[in-house]
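See structure below.
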Amino acid sequence: MGRRRPRRLLGSSAYGDDRHLAARQLIYLWQRPQYDLPGLVAAEPAGVTRRVLDVGCGTT
């Protein structure tokens, strides 16, 4: 039980498919002040000379 149960619950309900994805994305419409989140993330590794892995949801 323990730690596995929450992962299984999230994997099967909140993140099991894309039904709730639009709702999670819409949260950012209400963000004040508005930030360019992809731009902030892209600027973060500036000057890094090693490989960087970007793992995203792939919707934009």
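Lettering and numbering for the structure tokens are positional, with chains as A, B, ... in the shown order, residues counted from 1 in each chain, and ligands counted from 1 in the shown order.
These are the residues of chain A assigned alpha helix (DSSP H) by DSSP from backbone coordinates: Arg4, Arg5, Pro6, Arg7, Arg8, Leu9, Leu10, Gly11, Ser12, Leu21, Ala22, Ala23, Arg24, Gln25, Leu26, Leu37, Pro38, Gly39, Leu40, Val41, Ala42 and Ala43 of chain A.
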